Amino acid sequence: MSSRWLSLGLLLQSVWTCAGISARAAAQTKREDPHALLLSEPTPYTSVLDGFVGGALPDVRVALGFKRSHTRSVIAREYALDDDLAAGRTQQVAISRQATSTLSLDVGVGVFRDLMVYLRVPLVLNDVRELSAPSSVSAQQVESTLRSGVSASDAALFQLPYQSATRSGLPGIQLGVAWGLANQYRTPYLPTWVVGLETRIDLGKAMAPCMDHGGCDAGISRGTLAFSLDTRWSYRVRFLEPYLGLRFTREWATTAASAFAKSGAVPSDIDTTPPSVQELTVGAALFAWEDRARFQRLTIDVRAQAAYVSEGRDYSPLYDALGTSNTPALTEPYASPGGQVRFNGLTNVASYGRFAAELAVATQAARYVHFRLGVLFAHRTTHLLTNAAACVAASGACTSERVNPLYRPIIDLPGQRFLMVGDLTYELFAQATGEF
């Protein structure tokens, strides 16, 4: 009887000893690696691929995405008040609507430790734009405002409703490189820090003003070359990973150089370049559920964006309507002989702010399979759509030698200018990603 109790005691002691050793080992592991129970991957916002680390082959990521966006903008025009053009009021003249469907293919390859290159190919399935009369304003008021500054024998600047030609095709490609300077999952006391450089090369035909059924080629690309620099940070605290990003984009005309009128007819001190963009992104990824053993997790991603878009020559919501107008006051060159530039629909757009909020749900179904689904809402602040300066220099007399050949009084003169007074974009997107 005593031998049985002795054997049982020895067994219990052995179990207790093993449990203590396991507990101490687990505690030691947790002290050495506070993220031992978490997936060792940052949020996709700051995630980069590896390549040739420890003799392993490069990581490869392939993503297929779809995006559907709708934009509704309210267009108004200034009108003179008591013959004082500088003290004008505004009158709504059109509602602009744009619906775009885009299918994109992204391919990324890791070329070194936390260093990757990627290629993004967006295919525009359809881009539909139209202008319609605002329901809150009578047709007579709209017609009268659109005819302001137009001679009695000429038609209004454009007629409503106006339908642009449907655009589709491959506008260009995006090439980029991203480098993770620091990784929280390798150095826990440092945030994850990624810097990137991206270039957008427009390959498709540059856009041209085109009315629906107008028998013209509307084009699909902006006809420019863009470079973007960005930096991103994130730091995970248990199940929350806040992040921050800064981005600057600069654009130059390439295949659309003639449309942006950088030629001998335009003085060198007239800036005809497209606007630049400075962006700030703030957000957080909430890891609602994780299963490290199966490499699965569910993430709720919330982010806000604020951007400053500088003044520049650009494609506005009135691009097609004004570019196909037959009004002589708009189509006839406005400059001294030898410096004439024909109007092509592009206008000087004033600077504005752009704000967006995005909500997305991401799932990692397996180690190498990811899905992301979300919605975005964006708004652009009130700004002028036609704002070219009358003279090359702001001071001094506006002589014929100093007239800006891109200026058109019918749309650029205070009291005649167009502006955007309301804007809302909503976007639905989905993406499936495979890594191997």
# chains A, B, ... in the order shown; residues from 1 in each chain; ligands from 1
>>> select_by_dssp(residues="range 111-273 of chain A", states="strand (DSSP E)", output="PyMOL selection string")
chain A and resi 111-112+115-132+162-163+167-169+172-182+192-202+224-234+240-253
>>> closest_atom_pairs(of="range 359-417 of chain A", to="range 293-312 of chain A", cutoff="8 Å", atoms="only C-alpha atoms", output="CSV")
residue,atom,partner,partner_atom,distance
A:Leu359,CA,A:Val302,CA,4.8
A:Ala360,CA,A:Asp301,CA,5.1
A:Val361,CA,A:Ile300,CA,4.8
A:Ala362,CA,A:Thr299,CA,5.0
A:Thr363,CA,A:Leu298,CA,4.7
A:Gln364,CA,A:Gln296,CA,5.0
A:Ala365,CA,A:Gln296,CA,5.4
A:Ala366,CA,A:Gln296,CA,5.6
A:Arg367,CA,A:Phe295,CA,4.9
>>> closest_residue(among="A:Arg147, A:Lys67, A:Arg402, A:Arg292", to="Leu376 in chain A", atoms="only C-alpha atoms")
A:Lys67
>>> atom_distance(atom1="CA of Gln174 in chain A", atom2="CA of Val121 in chain A")
6.6 Å
>>> select_by_dssp(residues="range 135-188 of chain A", states="helix (DSSP H, G or I)", output="PyMOL selection string")
chain A and resi 139-146
>>> closest_atom_pairs(of="range 179-273 of chain A", to="range 318-334 of chain A", cutoff="8 Å", atoms="only C-alpha atoms", output="Markdown table")
| residue | atom | partner | partner_atom | distance |
| --- | --- | --- | --- | --- |
| A:Ala208 | CA | A:Asp320 | CA | 7.7 |
| A:Pro209 | CA | A:Asp320 | CA | 4.4 |
| A:Cys210 | CA | A:Asp320 | CA | 5.7 |
| A:Met211 | CA | A:Asp320 | CA | 6.7 |
>>> residues_around(residues="range 49-58 of chain A", least_positions_apart="6", cutoff="12 Å", atoms="only C-alpha atoms", output="PyMOL selection string")
chain A and resi 41-42+107-118+177-180+183+194+435-436
>>> write_last_selection(atoms="C-alpha atoms", output="compact mmCIF listing (two decimals), in the first residue's frame")
# COMPACT_ATOMS: atom_id res chain seq x y z
CA GLU A 41 3.59 40.97 -39.98
CA PRO A 42 2.74 44.67 -39.81
CA VAL A 107 2.92 42.52 -58.75
CA GLY A 108 5.59 42.93 -56.07
CA VAL A 109 8.94 41.15 -55.67
CA GLY A 110 11.33 41.23 -52.72
CA VAL A 111 14.89 41.92 -53.87
CA PHE A 112 16.62 42.16 -50.47
CA ARG A 113 15.82 42.29 -46.79
CA ASP A 114 12.72 44.51 -46.46
CA LEU A 115 13.33 45.90 -49.95
CA MET A 116 10.81 45.37 -52.72
CA VAL A 117 9.96 46.60 -56.20
CA TYR A 118 6.45 46.58 -57.59
CA VAL A 177 10.32 50.68 -54.83
CA ALA A 178 9.69 50.41 -51.07
CA TRP A 179 12.32 49.91 -48.39
CA GLY A 180 11.67 49.07 -44.75
CA ASN A 183 10.78 46.66 -38.57
CA VAL A 194 9.00 52.39 -44.78
CA GLU A 435 1.92 35.66 -51.71
CA PHE A 436 4.44 32.94 -52.38
>>> closest_residue(among="A:Ala390, A:Ala256, A:Leu428, A:Ala76", to="Pro409 in chain A", atoms="only C-alpha atoms")
A:Ala390
>>> closest_residue(among="A:Ser73, A:Gln98, A:Ser276, A:Gln184", to="His379 in chain A", atoms="only C-alpha atoms")
A:Ser73
>>> residues_around(residues="Ala218 in chain A", least_positions_apart="3", cutoff="10 Å", atoms="only C-alpha atoms", output="JSON, numbers by chain")
{"A": [164, 165, 166, 167, 168, 205, 206, 207, 208, 209, 210, 211, 212, 214, 215, 221, 320]}
>>> residues_around(residues="Asp106 in chain A", least_positions_apart="3", cutoff="9 Å", atoms="only C-alpha atoms", output="ChimeraX atom specification")
/A:61-65,118-122,433
